[in-house]
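Trainee: Contents are mmCIF, N, CA and C atoms and all ligand atoms; file name target.cif:
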```cif
data_run
loop_
_atom_site.label_atom_id
_atom_site.label_comp_id
_atom_site.auth_asym_id
_atom_site.auth_seq_id
_atom_site.Cartn_x
_atom_site.Cartn_y
_atom_site.Cartn_z
N MET D 167 53.38 43.81 -3.66
CA MET D 167 53.62 42.57 -2.93
C MET D 167 52.98 42.66 -1.55
N THR D 168 52.23 41.65 -1.19
CA THR D 168 51.58 41.62 0.11
C THR D 168 52.41 40.81 1.08
N THR D 169 52.63 41.39 2.26
CA THR D 169 53.36 40.67 3.29
C THR D 169 52.45 39.59 3.87
N LYS D 170 52.86 38.35 3.71
CA LYS D 170 52.14 37.25 4.34
C LYS D 170 53.13 36.56 5.27
N LEU D 171 52.77 36.50 6.53
CA LEU D 171 53.66 35.91 7.51
C LEU D 171 53.08 34.59 7.97
N ASN D 172 53.98 33.67 8.30
CA ASN D 172 53.51 32.42 8.87
C ASN D 172 52.98 32.71 10.25
N TRP D 173 51.86 32.10 10.57
CA TRP D 173 51.23 32.38 11.84
C TRP D 173 50.89 31.07 12.53
N ASP D 174 51.27 30.98 13.82
CA ASP D 174 51.09 29.72 14.54
C ASP D 174 49.74 29.62 15.22
N GLY D 175 48.89 30.62 14.99
CA GLY D 175 47.55 30.54 15.55
C GLY D 175 47.41 31.15 16.93
N GLY D 176 48.44 31.87 17.39
CA GLY D 176 48.32 32.57 18.66
C GLY D 176 47.18 33.57 18.61
N LYS D 177 46.69 33.96 19.78
CA LYS D 177 45.52 34.83 19.87
C LYS D 177 45.86 36.25 19.38
N LEU D 178 45.04 36.75 18.46
CA LEU D 178 45.25 38.07 17.87
C LEU D 178 44.52 39.13 18.68
N VAL D 179 45.10 40.31 18.78
CA VAL D 179 44.53 41.40 19.57
C VAL D 179 43.13 41.74 19.08
N ASN D 180 42.93 41.72 17.77
CA ASN D 180 41.60 41.95 17.18
C ASN D 180 41.55 41.20 15.87
N PRO D 181 40.85 40.06 15.83
CA PRO D 181 40.83 39.24 14.62
C PRO D 181 40.33 39.99 13.39
N ASP D 182 39.54 41.06 13.60
CA ASP D 182 39.04 41.84 12.46
C ASP D 182 40.15 42.60 11.73
N PHE D 183 41.31 42.72 12.34
CA PHE D 183 42.42 43.44 11.71
C PHE D 183 43.20 42.57 10.74
N PHE D 184 42.92 41.27 10.71
CA PHE D 184 43.79 40.34 9.98
C PHE D 184 43.01 39.44 9.03
N LEU D 185 43.70 39.04 7.97
CA LEU D 185 43.23 37.96 7.11
C LEU D 185 44.17 36.79 7.36
N THR D 186 43.60 35.68 7.73
CA THR D 186 44.43 34.51 7.98
C THR D 186 44.08 33.44 6.95
N GLY D 187 45.11 32.83 6.40
CA GLY D 187 44.90 31.83 5.37
C GLY D 187 44.99 30.42 5.94
N GLU D 188 44.45 29.48 5.19
CA GLU D 188 44.54 28.07 5.60
C GLU D 188 45.98 27.60 5.61
N ASP D 189 46.84 28.31 4.88
CA ASP D 189 48.26 27.95 4.84
C ASP D 189 49.02 28.51 6.05
N GLY D 190 48.28 29.11 7.00
CA GLY D 190 48.93 29.63 8.20
C GLY D 190 49.48 31.04 8.02
N SER D 191 49.10 31.70 6.95
CA SER D 191 49.61 33.04 6.71
C SER D 191 48.70 34.09 7.35
N VAL D 192 49.25 35.24 7.58
CA VAL D 192 48.46 36.35 8.11
C VAL D 192 48.88 37.63 7.40
N SER D 193 47.90 38.46 7.10
CA SER D 193 48.18 39.77 6.50
C SER D 193 47.16 40.76 7.05
N LEU D 194 47.41 42.04 6.82
CA LEU D 194 46.49 43.07 7.29
C LEU D 194 45.21 43.04 6.45
N ARG D 195 44.06 43.09 7.13
CA ARG D 195 42.77 43.06 6.45
C ARG D 195 42.32 44.49 6.15
N GLY D 196 42.50 44.88 4.92
CA GLY D 196 42.09 46.21 4.51
C GLY D 196 40.87 46.15 3.63
N GLY D 197 40.53 47.32 3.11
CA GLY D 197 39.42 47.41 2.17
C GLY D 197 39.79 48.38 1.07
N VAL D 198 39.20 48.17 -0.11
CA VAL D 198 39.39 49.12 -1.20
C VAL D 198 38.02 49.43 -1.80
N CYS D 199 37.76 50.71 -2.02
CA CYS D 199 36.47 51.13 -2.55
C CYS D 199 36.46 50.97 -4.07
N ALA D 200 35.48 50.23 -4.57
CA ALA D 200 35.37 50.00 -6.01
C ALA D 200 34.91 51.26 -6.75
N THR D 201 34.36 52.22 -6.02
CA THR D 201 33.88 53.45 -6.65
C THR D 201 35.00 54.50 -6.78
N CYS D 202 35.74 54.73 -5.67
CA CYS D 202 36.73 55.82 -5.70
C CYS D 202 38.18 55.33 -5.52
N ASN D 203 38.38 54.02 -5.37
CA ASN D 203 39.72 53.42 -5.27
C ASN D 203 40.47 53.75 -3.98
N LYS D 204 39.81 54.31 -2.98
CA LYS D 204 40.45 54.62 -1.70
C LYS D 204 40.63 53.32 -0.90
N TYR D 205 41.82 53.17 -0.29
CA TYR D 205 42.10 52.02 0.56
C TYR D 205 41.88 52.38 2.02
N PHE D 206 41.54 51.38 2.83
CA PHE D 206 41.28 51.60 4.25
C PHE D 206 41.94 50.54 5.11
N PHE D 207 42.28 50.93 6.30
CA PHE D 207 42.59 49.97 7.36
C PHE D 207 42.11 50.58 8.67
N PRO D 208 41.40 49.87 9.51
CA PRO D 208 40.90 48.52 9.22
C PRO D 208 39.78 48.54 8.18
N TYR D 209 39.41 47.35 7.72
CA TYR D 209 38.32 47.21 6.76
C TYR D 209 37.06 47.86 7.29
N LYS D 210 36.35 48.55 6.44
CA LYS D 210 35.03 49.07 6.80
C LYS D 210 34.11 48.91 5.60
N GLU D 211 32.84 48.73 5.89
CA GLU D 211 31.87 48.39 4.84
C GLU D 211 31.55 49.59 3.95
N VAL D 212 31.49 50.78 4.58
CA VAL D 212 31.10 51.98 3.84
C VAL D 212 32.33 52.87 3.64
N CYS D 213 32.51 53.34 2.42
CA CYS D 213 33.63 54.21 2.11
C CYS D 213 33.45 55.56 2.81
N THR D 214 34.49 56.02 3.50
CA THR D 214 34.40 57.29 4.22
C THR D 214 34.70 58.47 3.30
N VAL D 215 35.04 58.21 2.04
CA VAL D 215 35.28 59.29 1.08
C VAL D 215 34.02 59.55 0.24
N CYS D 216 33.48 58.48 -0.36
CA CYS D 216 32.34 58.67 -1.27
C CYS D 216 31.04 58.09 -0.70
N PHE D 217 31.12 57.50 0.49
CA PHE D 217 29.95 56.99 1.23
C PHE D 217 29.18 55.89 0.50
N GLN D 218 29.84 55.22 -0.44
CA GLN D 218 29.22 54.10 -1.13
C GLN D 218 29.53 52.81 -0.36
N LYS D 219 28.61 51.85 -0.46
CA LYS D 219 28.84 50.54 0.16
C LYS D 219 29.52 49.63 -0.85
N THR D 220 30.63 50.13 -1.40
CA THR D 220 31.31 49.38 -2.46
C THR D 220 32.73 49.02 -2.06
N VAL D 221 32.97 48.90 -0.75
CA VAL D 221 34.30 48.57 -0.26
C VAL D 221 34.47 47.04 -0.26
N LYS D 222 35.52 46.59 -0.92
CA LYS D 222 35.83 45.16 -0.96
C LYS D 222 37.01 44.86 -0.04
N GLU D 223 36.90 43.76 0.68
CA GLU D 223 37.98 43.32 1.55
C GLU D 223 39.21 42.98 0.71
N THR D 224 40.38 43.40 1.20
CA THR D 224 41.61 43.08 0.47
C THR D 224 42.78 43.00 1.44
N PRO D 225 43.74 42.12 1.19
CA PRO D 225 44.95 42.12 2.02
C PRO D 225 45.80 43.34 1.66
N LEU D 226 46.37 43.98 2.67
CA LEU D 226 47.24 45.13 2.42
C LEU D 226 48.69 44.67 2.31
N SER D 227 49.50 45.49 1.66
CA SER D 227 50.88 45.10 1.37
C SER D 227 51.71 44.87 2.63
N GLY D 228 51.40 45.64 3.69
CA GLY D 228 52.22 45.53 4.89
C GLY D 228 53.58 46.20 4.72
N ARG D 229 53.73 46.99 3.66
CA ARG D 229 54.98 47.72 3.43
C ARG D 229 54.68 49.21 3.31
N GLY D 230 55.56 50.02 3.88
CA GLY D 230 55.34 51.45 3.79
C GLY D 230 56.51 52.24 4.32
N LYS D 231 56.27 53.55 4.48
CA LYS D 231 57.34 54.45 4.92
C LYS D 231 56.95 55.14 6.22
N LEU D 232 57.91 55.28 7.08
CA LEU D 232 57.69 55.89 8.39
C LEU D 232 57.38 57.39 8.23
N VAL D 233 56.33 57.81 8.92
CA VAL D 233 55.92 59.22 8.86
C VAL D 233 56.39 59.95 10.13
N SER D 234 56.06 59.41 11.28
CA SER D 234 56.47 60.00 12.55
C SER D 234 56.48 58.91 13.62
N TRP D 235 57.19 59.14 14.70
CA TRP D 235 57.32 58.12 15.73
C TRP D 235 57.71 58.76 17.06
N SER D 236 57.48 58.01 18.12
CA SER D 236 57.89 58.43 19.45
C SER D 236 58.43 57.23 20.19
N VAL D 237 59.37 57.48 21.08
CA VAL D 237 59.90 56.43 21.93
C VAL D 237 59.41 56.69 23.35
N ALA D 238 58.75 55.71 23.93
CA ALA D 238 58.24 55.84 25.29
C ALA D 238 59.27 55.32 26.27
N SER D 239 59.52 56.08 27.31
CA SER D 239 60.53 55.69 28.29
C SER D 239 59.91 55.14 29.57
N GLN D 240 58.58 55.03 29.57
CA GLN D 240 57.88 54.44 30.72
C GLN D 240 57.12 53.21 30.24
N PRO D 241 57.05 52.16 31.05
CA PRO D 241 56.26 50.99 30.65
C PRO D 241 54.80 51.38 30.42
N SER D 242 54.14 50.69 29.50
CA SER D 242 52.73 50.99 29.26
C SER D 242 51.88 50.25 30.28
N ILE D 243 50.64 50.70 30.47
CA ILE D 243 49.74 50.03 31.42
C ILE D 243 49.36 48.64 30.93
N MET D 244 49.57 48.37 29.62
CA MET D 244 49.29 47.03 29.10
C MET D 244 50.44 46.08 29.36
N GLY D 245 51.54 46.59 29.88
CA GLY D 245 52.66 45.72 30.21
C GLY D 245 53.82 45.78 29.25
N LEU D 246 53.77 46.68 28.28
CA LEU D 246 54.93 46.83 27.39
C LEU D 246 56.09 47.38 28.19
N GLU D 247 57.22 46.72 28.07
CA GLU D 247 58.40 47.20 28.78
C GLU D 247 58.99 48.38 28.02
N SER D 248 59.58 49.30 28.76
CA SER D 248 60.21 50.44 28.10
C SER D 248 61.69 50.14 27.87
N PRO D 249 62.32 50.77 26.90
CA PRO D 249 61.65 51.68 25.97
C PRO D 249 60.90 50.91 24.89
N TYR D 250 59.83 51.50 24.41
CA TYR D 250 59.16 50.96 23.23
C TYR D 250 58.82 52.12 22.32
N CYS D 251 58.50 51.79 21.10
CA CYS D 251 58.36 52.83 20.07
C CYS D 251 57.07 52.59 19.30
N PHE D 252 56.42 53.67 18.94
CA PHE D 252 55.20 53.59 18.14
C PHE D 252 55.18 54.76 17.16
N GLY D 253 54.40 54.61 16.10
CA GLY D 253 54.37 55.69 15.13
C GLY D 253 53.36 55.46 14.04
N TYR D 254 53.44 56.33 13.04
CA TYR D 254 52.56 56.25 11.87
C TYR D 254 53.38 55.87 10.66
N ILE D 255 52.78 54.99 9.84
CA ILE D 255 53.41 54.51 8.63
C ILE D 255 52.44 54.73 7.47
N ASP D 256 52.92 55.27 6.36
CA ASP D 256 52.10 55.36 5.14
C ASP D 256 52.36 54.11 4.32
N LEU D 257 51.33 53.27 4.22
CA LEU D 257 51.46 52.04 3.44
C LEU D 257 51.48 52.36 1.94
N GLU D 258 51.98 51.40 1.16
CA GLU D 258 52.06 51.58 -0.30
C GLU D 258 50.70 51.92 -0.90
N GLU D 259 49.62 51.47 -0.26
CA GLU D 259 48.27 51.73 -0.78
C GLU D 259 47.75 53.11 -0.43
N GLY D 260 48.55 53.90 0.32
CA GLY D 260 48.10 55.23 0.70
C GLY D 260 47.36 55.26 2.03
N VAL D 261 47.39 54.19 2.76
CA VAL D 261 46.74 54.11 4.06
C VAL D 261 47.74 54.50 5.14
N ARG D 262 47.36 55.39 6.03
CA ARG D 262 48.22 55.72 7.17
C ARG D 262 47.80 54.84 8.34
N ILE D 263 48.75 54.12 8.90
CA ILE D 263 48.46 53.14 9.94
C ILE D 263 49.29 53.46 11.18
N TYR D 264 48.69 53.26 12.33
CA TYR D 264 49.35 53.45 13.62
C TYR D 264 49.83 52.09 14.10
N SER D 265 51.06 52.03 14.59
CA SER D 265 51.59 50.73 14.95
C SER D 265 52.74 50.86 15.95
N LEU D 266 52.94 49.79 16.69
CA LEU D 266 54.18 49.67 17.43
C LEU D 266 55.29 49.42 16.42
N LEU D 267 56.48 49.89 16.73
CA LEU D 267 57.63 49.69 15.85
C LEU D 267 58.63 48.80 16.58
N GLU D 268 59.13 47.81 15.87
CA GLU D 268 60.10 46.89 16.46
C GLU D 268 61.44 47.13 15.80
N VAL D 269 62.41 47.53 16.61
CA VAL D 269 63.73 47.85 16.09
C VAL D 269 64.75 46.99 16.83
N LYS D 270 65.63 46.35 16.07
CA LYS D 270 66.63 45.45 16.64
C LYS D 270 67.41 46.15 17.75
N ASP D 271 67.53 45.50 18.89
CA ASP D 271 68.28 45.99 20.05
C ASP D 271 67.79 47.36 20.54
N ASN D 272 66.53 47.70 20.21
CA ASN D 272 65.97 49.01 20.59
C ASN D 272 66.86 50.16 20.13
N ASN D 273 67.53 49.97 19.01
CA ASN D 273 68.38 51.02 18.45
C ASN D 273 67.53 51.94 17.58
N PHE D 274 66.77 52.82 18.23
CA PHE D 274 65.81 53.67 17.52
C PHE D 274 66.50 54.74 16.67
N GLU D 275 67.82 54.85 16.82
CA GLU D 275 68.57 55.82 16.01
C GLU D 275 68.49 55.48 14.53
N VAL D 276 68.15 54.24 14.19
CA VAL D 276 68.09 53.85 12.78
C VAL D 276 66.85 54.41 12.09
N LEU D 277 65.89 54.92 12.89
CA LEU D 277 64.64 55.42 12.30
C LEU D 277 64.81 56.83 11.75
N TYR D 278 64.17 57.07 10.65
CA TYR D 278 64.11 58.43 10.08
C TYR D 278 62.84 58.52 9.24
N LYS D 279 62.41 59.75 9.00
CA LYS D 279 61.21 59.97 8.20
C LYS D 279 61.44 59.39 6.81
N GLY D 280 60.51 58.55 6.36
CA GLY D 280 60.63 57.94 5.05
C GLY D 280 61.29 56.58 5.06
N LYS D 281 61.76 56.13 6.22
CA LYS D 281 62.41 54.81 6.30
C LYS D 281 61.42 53.73 5.90
N GLU D 282 61.90 52.77 5.11
CA GLU D 282 61.03 51.70 4.65
C GLU D 282 60.84 50.65 5.75
N LEU D 283 59.57 50.36 6.02
CA LEU D 283 59.22 49.43 7.08
C LEU D 283 58.33 48.33 6.51
N GLN D 284 58.32 47.23 7.21
CA GLN D 284 57.51 46.09 6.79
C GLN D 284 56.81 45.51 8.00
N MET D 285 55.61 45.05 7.78
CA MET D 285 54.83 44.45 8.85
C MET D 285 55.46 43.15 9.35
N THR D 286 55.37 42.97 10.65
CA THR D 286 55.75 41.71 11.26
C THR D 286 54.71 41.41 12.33
N MET D 287 54.79 40.29 12.96
CA MET D 287 53.86 39.97 14.05
C MET D 287 54.67 39.83 15.32
N GLY D 288 54.07 40.25 16.43
CA GLY D 288 54.80 40.14 17.68
C GLY D 288 53.90 40.14 18.89
N PHE D 289 54.51 39.78 20.00
CA PHE D 289 53.82 39.73 21.29
C PHE D 289 53.38 41.13 21.70
N LEU D 290 52.15 41.24 22.22
CA LEU D 290 51.67 42.53 22.70
C LEU D 290 51.56 42.54 24.22
N TYR D 291 50.79 41.61 24.75
CA TYR D 291 50.63 41.54 26.20
C TYR D 291 50.01 40.19 26.58
N GLN D 292 49.99 39.92 27.86
CA GLN D 292 49.34 38.72 28.37
C GLN D 292 48.03 39.15 29.00
N ASN D 293 46.93 38.53 28.57
CA ASN D 293 45.63 38.96 29.09
C ASN D 293 45.37 38.39 30.49
N ILE D 294 44.22 38.71 31.05
CA ILE D 294 43.92 38.38 32.45
C ILE D 294 43.84 36.88 32.69
N THR D 295 43.59 36.10 31.62
CA THR D 295 43.55 34.64 31.77
C THR D 295 44.90 34.00 31.41
N GLY D 296 45.90 34.83 31.18
CA GLY D 296 47.24 34.30 30.95
C GLY D 296 47.56 33.97 29.51
N GLU D 297 46.66 34.33 28.59
CA GLU D 297 46.93 34.06 27.17
C GLU D 297 47.83 35.15 26.61
N ASP D 298 48.78 34.74 25.75
CA ASP D 298 49.60 35.71 25.05
C ASP D 298 48.80 36.28 23.89
N ILE D 299 48.81 37.59 23.78
CA ILE D 299 48.07 38.30 22.73
C ILE D 299 49.09 38.91 21.76
N TYR D 300 48.82 38.70 20.48
CA TYR D 300 49.74 39.16 19.43
C TYR D 300 49.11 40.23 18.56
N THR D 301 49.95 41.01 17.94
CA THR D 301 49.47 42.04 17.03
C THR D 301 50.47 42.28 15.91
N TYR D 302 50.06 43.10 14.96
CA TYR D 302 51.00 43.53 13.93
C TYR D 302 51.93 44.58 14.52
N LYS D 303 53.13 44.61 13.99
CA LYS D 303 54.11 45.65 14.30
C LYS D 303 54.81 45.97 13.00
N PHE D 304 55.57 47.03 13.00
CA PHE D 304 56.36 47.35 11.81
C PHE D 304 57.82 47.42 12.20
N THR D 305 58.65 46.95 11.29
CA THR D 305 60.08 46.86 11.55
C THR D 305 60.83 47.27 10.28
N PRO D 306 62.05 47.79 10.41
CA PRO D 306 62.81 48.14 9.20
C PRO D 306 62.94 46.95 8.25
N VAL D 307 62.84 47.21 6.97
CA VAL D 307 62.88 46.16 5.95
C VAL D 307 64.13 45.32 6.10
N GLU D 308 65.28 45.96 6.41
CA GLU D 308 66.53 45.19 6.50
C GLU D 308 66.51 44.20 7.66
N THR D 309 65.66 44.44 8.68
CA THR D 309 65.54 43.48 9.77
C THR D 309 64.94 42.18 9.27
N ILE D 310 63.90 42.31 8.42
CA ILE D 310 63.23 41.16 7.84
C ILE D 310 64.18 40.40 6.91
N ASN D 311 64.95 41.18 6.15
CA ASN D 311 65.84 40.58 5.16
C ASN D 311 67.15 40.05 5.78
N GLY D 312 67.32 40.27 7.08
CA GLY D 312 68.45 39.69 7.77
C GLY D 312 69.72 40.52 7.71
N GLY D 313 69.67 41.67 7.10
CA GLY D 313 70.86 42.49 6.99
C GLY D 313 70.88 43.59 8.02
N GLY D 314 71.74 44.56 7.84
CA GLY D 314 71.81 45.72 8.71
C GLY D 314 72.07 46.94 7.87
N ASP D 315 72.02 48.12 8.48
CA ASP D 315 72.37 49.30 7.67
C ASP D 315 73.27 50.25 8.40
ZN ZN J 401 34.75 55.39 -2.16
#
```
Would you write the structure of this file as C-alpha cells?

Mentor:
Amino acid sequence: MTTKLNWDGGKLVNPDFFLTGEDGSVSLRGGVCATCNKYFFPYKEVCTVCFQKTVKETPLSGRGKLVSWSVASQPSIMGLESPYCFGYIDLEEGVRIYSLLEVKDNNFEVLYKGKELQMTMGFLYQNITGEDIYTYKFTPVETINGGGD
C-alpha cells in the first residue's frame, strides 16, 4: 500500500523527492531497477547496484520500521524548534530513508527499534522570502490512525 496524502500545494523542500497527483495527493518519488529489482530513494536514473539505466520511477509505500533515531535538544539553524527528532527508517521496499520524526506531544519515549512508522507531510521552515516550506516526515502508524499505544 502506498501512502498518498492530500496536499494543498504548499512549497516542497525538493520537488524531486515527491510524486504529486492531479487529485492533490503526494507520495515519495522512488525508483525501482528493472534489472536487479533494487528500490531507491530519491529516484535516480542509473542503478547504483548493477549500473544499468533501467530504473523506473515509482511511488514508495511511505511505510516502514524505525532503525535508529536521535532527539536534538538545541534548535536547528533552519529554525526547527527543540526538541526535535530525526532518524533512519527501513521502508517496506528495502530502502533506508533519513527523515524527521513527528511524535505526538514530543513524547519520544514511544519510539523503539522496529516501531512501525508512516510518512506524513509537515512544515519544515520558512524561507528567506517568507514562504512556508514543507517536507516528508515519519510518524508512528497509530498517530495516523487516530489511536494511541
Ligand atoms: Zn539494478

Trainee: Provide the atom N of Asn273 in chain D to atom N of Ile310 in chain D distance in Å, to one decimal place.

Mentor: 13.6 Å

Trainee: Please check which protein, DNA or RNA residues sit within 5 Å of ligand ZN 401 (chain J), counting all atoms listed in the file, and write them as a list of chain:residue names.

Mentor: D:Cys199, D:Thr201, D:Cys202, D:Cys213, D:Val215, D:Cys216, D:Phe217

Trainee: Quick one: residues within 7 Å of range 279-284 of chain D, all atoms listed in the file counted, chain neighbours fewer than 3 positions away excluded, as an MDAnalysis selection string?

Mentor: chainID D and resid 228:234 303:308

Trainee: Kindly give the distance, in Å, that separates atom C of Phe206 in chain D and atom C of Val261 in chain D, rounded to a single decimal.

Mentor: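 So the two atoms, atom C of Phe206 in chain D and atom C of Val261 in chain D, lie 7.0 Å apart.
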
Trainee: Name the residues, using the chain letters and numbers of the file, that sit within 6 Å of (42.1, 44.4, -1.7) when counting all atoms listed in the file, and give them as a ChimeraX atom specification.

Mentor: /D:196-198,222-225

Trainee: Please, could you write that set of residues out with N, CA and C atoms as a short mmCIF file (atom, residue, chain, number, x, y, z; two decimals), in the frame of the given file?

Mentor:
```cif
data_model
loop_
_atom_site.label_atom_id
_atom_site.label_comp_id
_atom_site.auth_asym_id
_atom_site.auth_seq_id
_atom_site.Cartn_x
_atom_site.Cartn_y
_atom_site.Cartn_z
N GLY D 196 42.50 44.88 4.92
CA GLY D 196 42.09 46.21 4.51
C GLY D 196 40.87 46.15 3.63
N GLY D 197 40.53 47.32 3.11
CA GLY D 197 39.42 47.41 2.17
C GLY D 197 39.79 48.38 1.07
N VAL D 198 39.20 48.17 -0.11
CA VAL D 198 39.39 49.12 -1.20
C VAL D 198 38.02 49.43 -1.80
N LYS D 222 35.52 46.59 -0.92
CA LYS D 222 35.83 45.16 -0.96
C LYS D 222 37.01 44.86 -0.04
N GLU D 223 36.90 43.76 0.68
CA GLU D 223 37.98 43.32 1.55
C GLU D 223 39.21 42.98 0.71
N THR D 224 40.38 43.40 1.20
CA THR D 224 41.61 43.08 0.47
C THR D 224 42.78 43.00 1.44
N PRO D 225 43.74 42.12 1.19
CA PRO D 225 44.95 42.12 2.02
C PRO D 225 45.80 43.34 1.66
#
```

Trainee: What does the distance from CA of Leu257 in chain D to CA of Phe289 in chain D come to in Å, to one decimal?

Mentor: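 Straight-line distance from CA of Leu257 in chain D to CA of Phe289 in chain D works out to 21.8 Å.
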
Trainee: Applying 6 Å and only C-alpha atoms, which residues near range 174-179 of chain D remain after dropping the ones on its own chain fewer than 4 positions away? List them as a PyMOL selection string.

Mentor: chain D and resi 299-301

Trainee: Enclose all atoms of range 230-238 of chain D listed in the file in an axis-aligned box, grow every side by 4 Å, and hand back centre and edge lengths in Å to one decimal, as lines of an AutoDock Vina configuration file.

Mentor:
```
center_x = 57.6
center_y = 55.0
center_z = 15.0
size_x = 12.6
size_y = 18.0
size_z = 30.5
```

Trainee: So that I can check the secondary structure, give me every residue of chain D assigned strand (DSSP E) by backbone DSSP, as an NGL selection string.

Mentor: :D and (171-172 or 177-178 or 184-186 or 191-199 or 205-206 or 221-225 or 229-238 or 250-257 or 262-267 or 282-292 or 298-306)

Trainee: Within 8 Å of Asp189 in chain D, counting only N, CA and C atoms, which residues show up once you throw out same-chain ones fewer than 2 positions away? Write them as JSON, numbers by chain, please.

Mentor: {"D": [171, 172, 173, 186, 187, 191, 192]}
